[in-house]
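target_0.csv follows (CSV, C-alpha atoms and all ligand atoms):
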```
chain,number,residue,atom,x,y,z
B,1,MET,CA,-29.6,-31.6,-2.1
B,2,ASN,CA,-28.4,-28.7,-4.1
B,3,SER,CA,-24.8,-28.0,-4.9
B,4,MET,CA,-23.1,-25.3,-6.8
B,5,TYR,CA,-19.6,-25.6,-8.1
B,6,ARG,CA,-17.5,-22.8,-9.2
B,7,THR,CA,-15.3,-24.3,-11.9
B,8,ALA,CA,-13.3,-21.2,-12.8
B,9,ALA,CA,-12.4,-18.1,-11.1
B,10,CYS,CA,-10.8,-14.9,-11.9
B,11,ALA,CA,-7.1,-15.4,-12.2
B,12,LEU,CA,-4.3,-12.9,-12.8
B,13,ARG,CA,-5.0,-11.1,-16.1
B,14,ARG,CA,-7.5,-13.8,-17.2
B,15,CYS,CA,-11.0,-14.4,-16.1
B,16,MET,CA,-13.4,-17.1,-17.0
B,17,PRO,CA,-17.2,-17.2,-16.8
B,18,LEU,CA,-18.7,-19.3,-14.1
B,19,LEU,CA,-20.3,-22.7,-14.7
B,20,LEU,CA,-23.2,-23.5,-12.4
B,21,ILE,CA,-24.3,-27.1,-11.9
B,22,THR,CA,-27.4,-27.7,-9.9
B,23,SER,CA,-28.5,-31.2,-8.9
B,24,THR,CA,-31.9,-31.8,-7.4
B,25,ALA,CA,-33.1,-35.3,-6.3
B,26,GLY,CA,-31.3,-37.1,-9.1
B,27,PHE,CA,-32.0,-34.5,-11.8
B,28,SER,CA,-29.4,-32.1,-13.0
B,29,GLN,CA,-29.1,-29.2,-15.3
B,30,THR,CA,-26.1,-27.3,-16.5
B,31,ALA,CA,-26.2,-23.6,-17.4
B,32,LEU,CA,-23.6,-21.1,-18.3
B,33,ALA,CA,-23.9,-18.1,-16.1
B,34,ALA,CA,-24.5,-14.8,-18.0
B,35,ASP,CA,-21.9,-12.2,-19.0
B,36,TYR,CA,-22.8,-8.5,-19.0
B,37,TYR,CA,-20.9,-5.7,-20.5
B,38,VAL,CA,-20.4,-2.1,-19.5
B,39,ASP,CA,-18.8,0.6,-21.7
B,40,ALA,CA,-18.8,4.2,-20.5
B,41,ASP,CA,-18.2,5.6,-24.0
B,42,ASN,CA,-20.2,3.3,-26.3
B,43,GLY,CA,-22.8,1.8,-24.0
B,44,ASP,CA,-26.5,2.7,-23.6
B,45,ASN,CA,-28.5,1.9,-20.5
B,46,ASN,CA,-31.4,0.9,-22.8
B,47,ASN,CA,-29.3,-1.9,-24.2
B,48,THR,CA,-29.5,-5.5,-22.9
B,49,GLY,CA,-26.0,-5.4,-21.5
B,50,LEU,CA,-25.2,-8.7,-23.3
B,51,ILE,CA,-22.2,-9.0,-25.6
B,52,GLY,CA,-22.4,-6.4,-28.4
B,53,GLU,CA,-25.0,-4.4,-26.5
B,54,PRO,CA,-23.2,-2.8,-23.6
B,55,VAL,CA,-24.8,-0.7,-21.0
B,56,GLN,CA,-23.3,2.6,-20.0
B,57,SER,CA,-23.2,2.4,-16.2
B,58,VAL,CA,-21.9,-0.2,-13.8
B,59,GLN,CA,-25.1,0.1,-11.7
B,60,SER,CA,-27.2,-0.7,-14.8
B,61,ALA,CA,-25.2,-4.0,-15.3
B,62,VAL,CA,-25.4,-4.9,-11.6
B,63,SER,CA,-29.2,-4.4,-11.8
B,64,ARG,CA,-29.4,-6.8,-14.7
B,65,ALA,CA,-27.2,-9.5,-13.2
B,66,GLY,CA,-28.8,-12.5,-11.5
B,67,ALA,CA,-28.5,-13.2,-7.8
B,68,SER,CA,-25.5,-15.4,-8.2
B,69,GLY,CA,-22.8,-16.4,-10.7
B,70,ASP,CA,-22.9,-13.7,-13.4
B,71,THR,CA,-19.9,-11.8,-14.6
B,72,ILE,CA,-19.8,-8.1,-15.5
B,73,HIS,CA,-17.1,-6.9,-17.8
B,74,ILE,CA,-16.3,-3.2,-17.5
B,75,ALA,CA,-14.5,-1.6,-20.4
B,76,LYS,CA,-11.9,1.2,-20.0
B,77,GLY,CA,-13.6,4.4,-18.9
B,78,HIS,CA,-14.4,6.7,-16.0
B,79,TYR,CA,-17.5,5.5,-14.1
B,80,GLN,CA,-19.2,7.6,-11.5
B,81,ALA,CA,-20.7,5.0,-9.2
B,82,SER,CA,-21.9,4.2,-5.7
B,83,ILE,CA,-23.2,0.7,-5.8
B,84,ARG,CA,-24.8,-1.3,-3.1
B,85,THR,CA,-25.5,-4.9,-3.9
B,86,ASN,CA,-26.1,-8.3,-2.3
B,87,LYS,CA,-25.5,-10.3,-5.4
B,88,SER,CA,-22.8,-13.0,-5.7
B,89,ILE,CA,-21.2,-11.8,-8.9
B,90,GLN,CA,-17.8,-11.0,-10.5
B,91,LEU,CA,-16.8,-7.5,-11.7
B,92,ILE,CA,-13.9,-7.4,-14.0
B,93,GLY,CA,-12.3,-4.2,-15.4
B,94,GLU,CA,-9.4,-3.6,-17.8
B,95,GLY,CA,-6.8,-2.3,-15.4
B,96,LYS,CA,-5.6,1.2,-14.8
B,97,ASP,CA,-8.0,2.9,-17.2
B,98,THR,CA,-11.1,1.3,-15.7
B,99,VAL,CA,-11.9,3.8,-12.9
B,100,VAL,CA,-14.9,3.5,-10.6
B,101,ASP,CA,-15.2,6.9,-8.9
B,102,ALA,CA,-17.6,7.4,-6.0
B,103,ASP,CA,-17.2,11.1,-6.7
B,104,GLY,CA,-17.7,12.1,-3.1
B,105,ALA,CA,-20.5,9.6,-2.3
B,106,GLY,CA,-20.1,7.5,0.9
B,107,TYR,CA,-18.8,4.5,-0.9
B,108,ALA,CA,-17.9,3.1,-4.3
B,109,PHE,CA,-19.1,-0.4,-3.4
B,110,SER,CA,-21.2,-1.5,-0.5
B,111,LEU,CA,-21.4,-5.3,-0.4
B,112,TYR,CA,-23.8,-7.1,1.8
B,113,GLY,CA,-25.8,-10.4,2.0
B,114,GLY,CA,-24.1,-12.3,-0.8
B,115,SER,CA,-22.0,-15.4,-0.4
B,116,GLN,CA,-19.2,-14.3,-2.7
B,117,MET,CA,-18.2,-11.1,-4.4
B,118,ASP,CA,-15.2,-10.9,-6.7
B,119,ILE,CA,-13.8,-7.6,-8.0
B,120,SER,CA,-10.7,-7.4,-10.2
B,121,ARG,CA,-8.7,-5.1,-12.4
B,122,LEU,CA,-10.3,-1.8,-11.3
B,123,VAL,CA,-9.2,1.5,-9.8
B,124,ILE,CA,-11.6,2.4,-6.9
B,125,THR,CA,-11.5,6.0,-5.8
B,126,GLY,CA,-13.3,9.1,-4.7
B,127,ALA,CA,-15.3,7.7,-1.7
B,128,ARG,CA,-16.1,10.2,1.0
B,129,SER,CA,-16.0,7.3,3.5
B,130,TYR,CA,-15.1,3.8,2.1
B,131,GLY,CA,-13.8,2.6,-1.3
B,132,ILE,CA,-15.3,-0.8,-0.4
B,133,TYR,CA,-17.6,-1.3,2.5
B,134,GLN,CA,-18.3,-4.9,3.3
B,135,ASP,CA,-21.4,-5.1,5.4
B,136,GLU,CA,-22.9,-8.0,7.2
B,137,PRO,CA,-23.5,-10.7,6.3
B,138,LEU,CA,-21.2,-11.3,3.4
B,139,THR,CA,-19.3,-14.6,3.3
B,140,ARG,CA,-16.3,-13.6,1.2
B,141,PHE,CA,-15.0,-10.7,-0.8
B,142,THR,CA,-12.1,-11.5,-3.2
B,143,GLY,CA,-10.1,-8.6,-4.7
B,144,ARG,CA,-7.5,-9.1,-7.4
B,145,GLU,CA,-5.4,-6.5,-9.2
B,146,LEU,CA,-7.0,-3.5,-7.7
B,147,ARG,CA,-5.9,0.1,-7.0
B,148,ILE,CA,-7.8,1.4,-4.0
B,149,VAL,CA,-6.7,5.0,-3.8
B,150,GLY,CA,-7.9,8.4,-2.8
B,151,ASN,CA,-10.8,7.4,-0.6
B,152,GLU,CA,-11.2,8.2,3.1
B,153,THR,CA,-10.7,4.5,4.1
B,154,GLY,CA,-9.8,2.0,1.4
B,155,LEU,CA,-11.7,-1.0,2.7
B,156,PHE,CA,-14.0,-1.0,5.8
B,157,ILE,CA,-14.9,-4.6,6.7
B,158,GLN,CA,-17.8,-5.4,9.0
B,159,ASP,CA,-18.1,-9.1,8.5
B,160,GLY,CA,-16.9,-12.2,6.6
B,161,ILE,CA,-13.6,-12.8,4.8
B,162,ILE,CA,-11.6,-10.5,2.7
B,163,ASP,CA,-9.1,-12.1,0.3
B,164,LEU,CA,-6.7,-9.6,-1.4
B,165,LYS,CA,-3.9,-10.4,-3.8
B,166,TYR,CA,-2.1,-8.0,-6.2
B,167,VAL,CA,-3.7,-5.0,-4.6
B,168,GLU,CA,-2.4,-1.4,-4.1
B,169,ILE,CA,-4.0,0.5,-1.3
B,170,SER,CA,-2.5,3.9,-1.2
B,171,ASP,CA,-3.1,7.6,-0.5
B,172,ASN,CA,-6.4,7.1,1.3
B,173,SER,CA,-7.0,10.0,3.7
B,174,LEU,CA,-7.6,8.0,6.9
B,175,LYS,CA,-6.8,4.3,6.7
B,176,GLY,CA,-5.9,1.6,4.2
B,177,ILE,CA,-8.0,-1.2,5.8
B,178,HIS,CA,-10.2,-1.2,8.8
B,179,LEU,CA,-11.4,-4.6,10.2
B,180,ASN,CA,-14.2,-4.5,12.6
B,181,PRO,CA,-14.7,-7.3,15.3
B,182,ASP,CA,-17.2,-9.4,13.2
B,183,THR,CA,-14.6,-9.8,10.4
B,184,ASP,CA,-13.7,-13.5,10.3
B,185,SER,CA,-10.5,-13.2,8.5
B,186,ALA,CA,-8.3,-11.0,6.2
B,187,ILE,CA,-5.9,-12.7,3.8
B,188,LEU,CA,-3.4,-10.4,2.1
B,189,VAL,CA,-0.8,-11.6,-0.4
B,190,ASN,CA,1.4,-9.5,-2.7
B,191,THR,CA,-0.2,-6.3,-1.6
B,192,THR,CA,1.2,-2.8,-0.9
B,193,ILE,CA,-0.4,-0.6,1.7
B,194,SER,CA,1.4,2.8,1.4
B,195,GLY,CA,0.9,6.5,2.1
B,196,ASN,CA,-2.5,6.2,3.8
B,197,ASN,CA,-3.7,8.9,6.3
B,198,THR,CA,-2.9,11.8,4.0
B,199,ASP,CA,-5.0,14.0,6.3
B,200,ASN,CA,-2.9,13.1,9.3
B,201,GLN,CA,-5.9,12.1,11.4
B,202,SER,CA,-5.0,10.8,14.9
B,203,HIS,CA,-6.3,7.2,14.4
B,204,GLY,CA,-5.3,6.6,10.8
B,205,GLY,CA,-2.7,4.4,9.2
B,206,GLY,CA,-2.2,1.2,7.2
B,207,ILE,CA,-4.3,-1.6,8.7
B,208,ALA,CA,-6.4,-1.3,11.9
B,209,ALA,CA,-8.1,-4.3,13.4
B,210,ALA,CA,-10.2,-4.7,16.6
B,211,ASP,CA,-11.3,-7.7,18.6
B,212,GLY,CA,-11.7,-10.7,16.4
B,213,PRO,CA,-10.4,-11.0,12.9
B,214,ASP,CA,-7.7,-13.6,12.0
B,215,ILE,CA,-5.1,-11.9,9.7
B,216,THR,CA,-2.7,-13.5,7.3
B,217,LEU,CA,0.0,-11.3,5.7
B,218,ARG,CA,2.2,-12.9,3.2
B,219,ASN,CA,4.6,-10.8,1.1
B,220,VAL,CA,2.9,-7.6,2.0
B,221,THR,CA,4.6,-4.2,2.2
B,222,VAL,CA,3.2,-1.7,4.7
B,223,THR,CA,5.1,1.5,4.6
B,224,ALA,CA,4.9,5.3,4.5
B,225,ASN,CA,1.6,5.4,6.3
B,226,ASN,CA,1.0,8.4,8.3
B,227,ARG,CA,1.1,7.1,11.9
B,228,VAL,CA,0.8,3.4,12.6
B,229,GLY,CA,1.4,0.6,10.0
B,230,LEU,CA,-0.4,-2.2,11.8
B,231,SER,CA,-2.8,-1.4,14.6
B,232,LEU,CA,-3.9,-4.7,16.2
B,233,TYR,CA,-5.7,-4.9,19.4
B,234,GLY,CA,-7.9,-7.1,21.6
B,235,THR,CA,-8.5,-10.6,20.4
B,236,THR,CA,-7.3,-9.9,16.9
B,237,ALA,CA,-5.0,-12.7,15.8
B,238,LEU,CA,-2.1,-12.4,13.5
B,239,LEU,CA,-2.3,-16.0,12.2
B,240,ILE,CA,0.5,-15.8,9.7
B,241,ILE,CA,2.9,-13.0,9.0
B,242,GLN,CA,5.6,-14.0,6.6
B,243,ASN,CA,8.0,-12.2,4.2
B,244,THR,CA,6.3,-8.9,5.1
B,245,ILE,CA,7.8,-5.5,5.4
B,246,VAL,CA,6.4,-3.1,8.0
B,247,ALA,CA,8.7,-0.2,8.0
B,248,GLY,CA,9.0,3.5,7.5
B,249,ASN,CA,5.5,4.4,8.9
B,250,LEU,CA,5.3,7.7,10.6
B,251,SER,CA,5.0,6.6,14.2
B,252,ASP,CA,5.4,3.0,15.5
B,253,ASN,CA,5.3,0.5,12.7
B,254,CYS,CA,3.1,-1.8,14.9
B,255,TRP,CA,0.9,-0.9,17.9
B,256,GLY,CA,-1.7,-2.7,20.1
B,257,ASP,CA,-1.8,-5.5,22.6
B,258,ALA,CA,-2.5,-8.1,19.9
B,259,ILE,CA,1.0,-7.5,18.5
B,260,ASN,CA,2.4,-9.5,21.5
B,261,ASN,CA,0.2,-12.5,20.8
B,262,TYR,CA,1.4,-14.2,17.7
B,263,THR,CA,4.1,-16.3,16.2
B,264,SER,CA,6.1,-14.9,13.3
B,265,SER,CA,6.4,-17.2,10.3
B,266,GLY,CA,9.7,-15.6,9.3
B,267,GLY,CA,11.2,-13.4,6.6
B,268,ASN,CA,9.8,-10.2,8.0
B,269,ILE,CA,11.5,-6.8,8.2
B,270,SER,CA,10.9,-3.7,10.2
B,271,ASN,CA,13.0,-0.6,10.9
B,272,ASP,CA,11.9,-0.6,14.5
B,273,ASP,CA,11.3,-3.2,17.2
B,274,THR,CA,7.6,-2.6,17.7
B,275,CYS,CA,6.3,-5.6,15.6
B,276,GLY,CA,7.7,-8.4,17.7
B,277,PHE,CA,9.5,-9.9,14.8
B,278,ASP,CA,11.4,-12.6,16.6
B,279,HIS,CA,11.8,-15.5,14.1
B,280,THR,CA,15.4,-16.3,13.5
B,281,SER,CA,14.9,-15.1,9.9
B,282,ASP,CA,13.2,-11.8,10.8
B,283,GLN,CA,15.1,-8.5,10.8
B,284,ALA,CA,13.9,-5.9,13.3
B,285,ASP,CA,15.5,-2.5,13.5
B,286,SER,CA,16.6,-2.9,9.9
B,287,ASP,CA,15.9,-0.4,7.1
B,288,PRO,CA,14.5,-2.3,4.1
B,289,GLN,CA,15.8,0.3,1.7
B,290,LEU,CA,12.6,0.9,-0.2
B,291,SER,CA,12.4,3.1,-3.2
B,292,ARG,CA,9.4,5.4,-3.6
B,293,LEU,CA,6.0,4.1,-4.6
B,294,SER,CA,6.2,3.6,-8.4
B,295,THR,CA,4.8,1.5,-11.2
B,296,ASN,CA,7.9,-0.6,-11.6
B,297,GLY,CA,6.6,-2.2,-14.8
B,298,SER,CA,3.0,-2.7,-13.6
B,299,TRP,CA,0.0,-0.4,-13.3
B,300,LEU,CA,-0.2,-1.5,-9.7
B,301,ARG,CA,2.4,0.6,-7.8
B,302,THR,CA,4.9,-1.0,-5.6
B,303,HIS,CA,8.0,-0.1,-3.6
B,304,ASN,CA,11.1,-1.5,-5.3
B,305,LEU,CA,14.1,-2.6,-3.3
B,306,ARG,CA,17.3,-0.8,-3.6
B,307,SER,CA,20.3,-2.9,-4.5
B,308,ASN,CA,21.6,-2.9,-0.9
B,309,SER,CA,18.2,-3.8,0.6
B,310,PRO,CA,18.3,-6.5,3.3
B,311,ALA,CA,14.9,-7.7,2.0
B,312,ILE,CA,16.6,-9.2,-1.1
B,313,ASP,CA,16.5,-13.0,-0.8
B,314,ALA,CA,15.6,-12.7,2.8
B,315,GLY,CA,12.3,-14.4,2.8
B,316,ILE,CA,11.1,-17.8,3.7
B,317,ASN,CA,10.7,-20.0,0.6
B,318,THR,CA,8.0,-22.2,2.1
B,319,ASP,CA,4.7,-20.9,0.7
B,320,CYS,CA,6.5,-18.1,-1.2
B,321,PRO,CA,4.0,-17.0,-3.9
B,322,THR,CA,4.9,-18.0,-7.4
B,323,ASP,CA,4.9,-14.4,-8.6
B,324,ASP,CA,4.9,-10.9,-7.1
B,325,GLN,CA,2.4,-8.0,-7.1
B,326,ARG,CA,3.5,-7.1,-10.6
B,327,GLY,CA,3.0,-10.7,-11.9
B,328,GLU,CA,6.8,-11.2,-12.1
B,329,SER,CA,7.9,-14.7,-11.2
B,330,ARG,CA,9.3,-15.6,-7.7
B,331,PRO,CA,11.6,-16.5,-6.3
B,332,PHE,CA,14.5,-14.8,-8.2
B,333,ASP,CA,18.1,-14.9,-7.2
B,334,GLY,CA,18.4,-11.2,-6.4
B,335,ASP,CA,21.9,-11.4,-4.8
B,336,ALA,CA,23.6,-13.4,-7.4
B,337,ASP,CA,24.7,-16.2,-5.1
B,338,GLN,CA,23.2,-18.9,-7.4
B,339,GLN,CA,20.4,-19.5,-4.9
B,340,ALA,CA,16.9,-18.1,-5.8
B,341,ASP,CA,15.2,-17.1,-2.6
B,342,CYS,CA,12.0,-15.3,-2.0
B,343,ASP,CA,12.3,-11.6,-1.1
B,344,SER,CA,10.4,-9.9,1.7
B,345,GLY,CA,7.6,-7.6,0.6
B,346,ALA,CA,5.2,-7.3,-2.3
B,347,LEU,CA,7.9,-7.0,-5.0
B,348,GLU,CA,10.6,-9.5,-6.0
B,349,TYR,CA,13.8,-7.6,-6.7
B,350,ARG,CA,15.5,-8.0,-10.0
B,351,PRO,CA,18.8,-6.1,-10.6
B,352,ASP,CA,18.7,-3.6,-13.4
B,353,ALA,CA,19.9,-5.0,-16.7
B,354,THR,CA,23.6,-4.5,-16.9
B,355,ILE,CA,24.4,-1.4,-18.8
B,356,MET,CA,26.8,-2.2,-21.7
B,357,LEU,CA,29.0,0.3,-23.4
B,358,PRO,CA,30.7,0.1,-26.8
B,359,ILE,CA,34.4,0.9,-26.6
B,360,ARG,CA,37.1,1.0,-29.2
B,361,SER,CA,40.1,-1.1,-28.2
B,362,SER,CA,43.8,-0.2,-28.9
B,363,ASP,CA,43.7,-2.3,-32.0
B,364,GLY,CA,40.8,-0.2,-33.3
B,365,LYS,CA,38.1,-2.8,-32.9
B,366,LEU,CA,34.7,-2.2,-31.2
B,367,ALA,CA,33.9,-4.1,-28.1
B,368,ILE,CA,30.8,-4.1,-25.8
B,369,VAL,CA,31.6,-4.1,-22.2
B,370,PRO,CA,29.7,-3.7,-18.9
B,371,LEU,CA,29.6,-0.2,-17.5
B,401,CA,CA,14.8,-13.0,-4.4
B,402,CA,CA,20.3,-15.6,-3.8
```
What would the structure in this file look like if it were written as structure tokens?
Amino acid sequence: MNSMYRTAACALRRCMPLLLITSTAGFSQTALAADYYVDADNGDNNNTGLIGEPVQSVQSAVSRAGASGDTIHIAKGHYQASIRTNKSIQLIGEGKDTVVDADGAGYAFSLYGGSQMDISRLVITGARSYGIYQDEPLTRFTGRELRIVGNETGLFIQDGIIDLKYVEISDNSLKGIHLNPDTDSAILVNTTISGNNTDNQSHGGGIAAADGPDITLRNVTVTANNRVGLSLYGTTALLIIQNTIVAGNLSDNCWGDAINNYTSSGGNISNDDTCGFDHTSDQADSDPQLSRLSTNGSWLRTHNLRSNSPAIDAGINTDCPTDDQRGESRPFDGDADQQADCDSGALEYRPDATIMLPIRSSDGKLAIVPL
């Protein structure tokens, strides 16, 4: 009987190689999975791709990787790429300056046939159709710390599971995420879906799902999408929706018959009544007072909450993530009532530092006082 254990996975800002342990009929062997390196400026595709000998293209490193368990480290740089792979590997970039640009090709990444694909710390852009296309069969795609921006559709999922955390999906010209019926589940945490459907196409928007997928949204912000925020229809099931803002989308925030077929987990806010937010802690018809999409201290853009936002300390603390999309800790006492409660949405509000002013008092001494 064979078994494979993943002993370490990519965590926020820190990723570890995989350790594979294979046991066969009483015999066992242990091997470190390989690490490959890509550097647009200093790499050469004639290199081995091992440490100290980076290749130049992402595709070259993917070609060198084994079928399962290897990790590809992508240095800062601009990479023109359209990669189709069925390998179960990890790709790790270096944040805002590691850009994978499909440059008008149909996709930046097309994933199929693997059991697990992890991509983190990249900007994915420039796809004529899909930033990430998850074909069938793929068991699971995990995305962490990604900007998926400037494609036609950010993610188009045909099958399997997508698991997204700390992800910005913005300014795609048609949709943020499309989930086809064979999609098993979509799990989104600390993720912002904003400003999609820049071309104002009739069926665009934030998230669209048809007949089948089970969806979990926890501390997600869906706003400013041109037309519908959440389009859910048929047998799509919204398993969990908690501490999520669906507001300020061009037409209805939510649409589709599946919207009427779920139980809210609470802490949600919408500025209309189309989402069926009926938990006692939900706020329908309530403007969450979002600021514009901005970095807010992270390279992954978010919508900050204005100081009068009803989303501040309005979330459910059960299963509140321990940090927000920026990596700032949660929950934080944003309304200064000595009770730290989770906020709704992808960002945990922190009041601006109090501005202090020096003044000279009547006796001539300097004092520092709040503005
Ligand atoms: Ca809070
Ligand atoms: Ca509080």
Cut-off 8 Å, all atoms listed in the file, neighbours of ligand CA 401 (chain B) as an MDAnalysis selection string:
chainID B and resid 312:315 330:335 340:343 348:350
Taking (-7.3, 15.7, 7.0) as a centre in this file's frame and 10 Å as the limit, can you find every polymer residue with an atom that close, using only C-alpha atoms, and give them as an MDAnalysis selection string?
chainID B and resid 152 173:174 197:202
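The two atoms in question, atom CA of B:Val189 and atom CA of B:Phe156, are spaced 18.0 Å apart.
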Interatomic distance, atom CA of B:Gln56 to atom CA of B:Thr98 (Å, one decimal)
13.0 Å
Taking 3 positions as the minimum chain separation for residues in the same chain, which residues sit within 8 Å of B:Thr274 when counting all atoms listed in the file? Answer as an NGL selection string.
:B and (252-255)
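Atom pair atom CA of B:Val99 / atom CA of B:Leu122: separated by 6.0 Å.
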Extract, using all atoms listed in the file, all DNA, RNA and protein residues at most 8 Å from B:Asp44, discarding same-chain residues fewer than 6 positions from it, and format them as an NGL selection string.
:B and (53-56)
What's around B:Leu230 at 12 Å? Count only C-alpha atoms, leave out sequence neighbours fewer than 5 positions away in its own chain, and write the answer as number ranges by chain.
B: 175-179, 193-194, 196, 203-210, 215, 217, 220-225, 236, 238, 241, 244-259, 270, 274-276
Since we have the selection now, will you write its residues out, keeping C-alpha atoms, as an mmCIF file, in the coordinates of the input?
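Below is the file that was written, part.cif:
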```
data_model
loop_
_atom_site.group_PDB
_atom_site.id
_atom_site.type_symbol
_atom_site.label_atom_id
_atom_site.label_comp_id
_atom_site.auth_asym_id
_atom_site.auth_seq_id
_atom_site.Cartn_x
_atom_site.Cartn_y
_atom_site.Cartn_z
ATOM 1 C CA LYS B 175 -6.800 4.300 6.700
ATOM 2 C CA GLY B 176 -5.900 1.600 4.200
ATOM 3 C CA ILE B 177 -8.000 -1.200 5.800
ATOM 4 C CA HIS B 178 -10.200 -1.200 8.800
ATOM 5 C CA LEU B 179 -11.400 -4.600 10.200
ATOM 6 C CA ILE B 193 -0.400 -0.600 1.700
ATOM 7 C CA SER B 194 1.400 2.800 1.400
ATOM 8 C CA ASN B 196 -2.500 6.200 3.800
ATOM 9 C CA HIS B 203 -6.300 7.200 14.400
ATOM 10 C CA GLY B 204 -5.300 6.600 10.800
ATOM 11 C CA GLY B 205 -2.700 4.400 9.200
ATOM 12 C CA GLY B 206 -2.200 1.200 7.200
ATOM 13 C CA ILE B 207 -4.300 -1.600 8.700
ATOM 14 C CA ALA B 208 -6.400 -1.300 11.900
ATOM 15 C CA ALA B 209 -8.100 -4.300 13.400
ATOM 16 C CA ALA B 210 -10.200 -4.700 16.600
ATOM 17 C CA ILE B 215 -5.100 -11.900 9.700
ATOM 18 C CA LEU B 217 0.000 -11.300 5.700
ATOM 19 C CA VAL B 220 2.900 -7.600 2.000
ATOM 20 C CA THR B 221 4.600 -4.200 2.200
ATOM 21 C CA VAL B 222 3.200 -1.700 4.700
ATOM 22 C CA THR B 223 5.100 1.500 4.600
ATOM 23 C CA ALA B 224 4.900 5.300 4.500
ATOM 24 C CA ASN B 225 1.600 5.400 6.300
ATOM 25 C CA THR B 236 -7.300 -9.900 16.900
ATOM 26 C CA LEU B 238 -2.100 -12.400 13.500
ATOM 27 C CA ILE B 241 2.900 -13.000 9.000
ATOM 28 C CA THR B 244 6.300 -8.900 5.100
ATOM 29 C CA ILE B 245 7.800 -5.500 5.400
ATOM 30 C CA VAL B 246 6.400 -3.100 8.000
ATOM 31 C CA ALA B 247 8.700 -0.200 8.000
ATOM 32 C CA GLY B 248 9.000 3.500 7.500
ATOM 33 C CA ASN B 249 5.500 4.400 8.900
ATOM 34 C CA LEU B 250 5.300 7.700 10.600
ATOM 35 C CA SER B 251 5.000 6.600 14.200
ATOM 36 C CA ASP B 252 5.400 3.000 15.500
ATOM 37 C CA ASN B 253 5.300 0.500 12.700
ATOM 38 C CA CYS B 254 3.100 -1.800 14.900
ATOM 39 C CA TRP B 255 0.900 -0.900 17.900
ATOM 40 C CA GLY B 256 -1.700 -2.700 20.100
ATOM 41 C CA ASP B 257 -1.800 -5.500 22.600
ATOM 42 C CA ALA B 258 -2.500 -8.100 19.900
ATOM 43 C CA ILE B 259 1.000 -7.500 18.500
ATOM 44 C CA SER B 270 10.900 -3.700 10.200
ATOM 45 C CA THR B 274 7.600 -2.600 17.700
ATOM 46 C CA CYS B 275 6.300 -5.600 15.600
ATOM 47 C CA GLY B 276 7.700 -8.400 17.700
#
```
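Each of B:Asp337, B:Glu94, B:Asp103, B:Asp285 was compared to ligand CA 402 (chain B) using all atoms listed in the file, and B:Asp337 turns out to be the nearest.
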Which residues are near B:Ile83? Cut-off 8 Å, all atoms listed in the file, ignore same chain within fewer than 3 positions. Put them as an MDAnalysis selection string.
chainID B and resid 59 107:110
So, counting only C-alpha atoms and all ligand atoms, which residue among B:Thr125, B:Gln325, B:Thr192, B:Asn317 is closest to ligand CA 402 (chain B)?
B:Asn317
Would you mind listing what lies within 9 Å of B:Ser264 as a count of residues only, with all atoms listed in the file counted and same-chain residues fewer than 6 positions away left out?
10
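Nearest residue to B:Ala237 among B:Thr183, B:Thr318, B:Asn47, B:Ser281 is B:Thr183, counting all atoms listed in the file.
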Nearest candidate to ligand CA 402 (chain B) (options B:Thr71, B:Arg64, B:Ala336, B:Gly104; using all atoms listed in the file):
B:Ala336
Residues of stretch 145-238 of chain B that have any atom at most 8 Å from an atom of stretch 299-310 of chain B: could you tabulate them with the shortest-distance atom pair and the distance in Å to one decimal, using all atoms listed in the file, ordered by chain and increasing number, as a Markdown table?
```
| residue | atom | partner | partner_atom | distance |
| --- | --- | --- | --- | --- |
| B:Glu145 | CA | B:Leu300 | CA | 7.2 |
| B:Leu146 | CA | B:Leu300 | CA | 7.4 |
| B:Arg147 | CA | B:Leu300 | CA | 6.5 |
| B:Tyr166 | CA | B:Leu300 | CA | 7.6 |
| B:Val167 | CA | B:Leu300 | CA | 7.1 |
| B:Glu168 | CA | B:Leu300 | CA | 6.0 |
| B:Thr192 | CA | B:Thr302 | CA | 6.2 |
| B:Thr221 | CA | B:His303 | CA | 7.9 |
```
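Distances from B:Gln338, B:Asn46, B:Asn243, B:Ser265 to ligand CA 402 (chain B) were compared using all atoms listed in the file, and the smallest one belongs to B:Gln338.
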Since the input has fewer atoms than a full residue there, write stretch 94-100 of chain B out with N, CA and C atoms, as an mmCIF file, keeping the file's coordinate frame.
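After the write, result39.cif holds the following:
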```cif
data_model
loop_
_atom_site.group_PDB
_atom_site.id
_atom_site.type_symbol
_atom_site.label_atom_id
_atom_site.label_comp_id
_atom_site.auth_asym_id
_atom_site.auth_seq_id
_atom_site.Cartn_x
_atom_site.Cartn_y
_atom_site.Cartn_z
ATOM 1 N N GLU B 94 -10.547 -3.473 -16.861
ATOM 2 C CA GLU B 94 -9.400 -3.600 -17.800
ATOM 3 C C GLU B 94 -8.177 -2.948 -17.288
ATOM 4 N N GLY B 95 -8.066 -2.813 -15.969
ATOM 5 C CA GLY B 95 -6.800 -2.300 -15.400
ATOM 6 C C GLY B 95 -6.875 -0.810 -15.137
ATOM 7 N N LYS B 96 -5.750 -0.143 -15.332
ATOM 8 C CA LYS B 96 -5.600 1.200 -14.800
ATOM 9 C C LYS B 96 -6.567 2.225 -15.438
ATOM 10 N N ASP B 97 -7.100 1.913 -16.591
ATOM 11 C CA ASP B 97 -8.000 2.900 -17.200
ATOM 12 C C ASP B 97 -9.481 2.526 -17.002
ATOM 13 N N THR B 98 -9.764 1.590 -16.133
ATOM 14 C CA THR B 98 -11.100 1.300 -15.700
ATOM 15 C C THR B 98 -11.282 1.876 -14.294
ATOM 16 N N VAL B 99 -11.879 3.043 -14.184
ATOM 17 C CA VAL B 99 -11.900 3.800 -12.900
ATOM 18 C C VAL B 99 -13.353 3.861 -12.421
ATOM 19 N N VAL B 100 -13.585 3.335 -11.228
ATOM 20 C CA VAL B 100 -14.900 3.500 -10.600
ATOM 21 C C VAL B 100 -14.719 4.565 -9.508
#
```
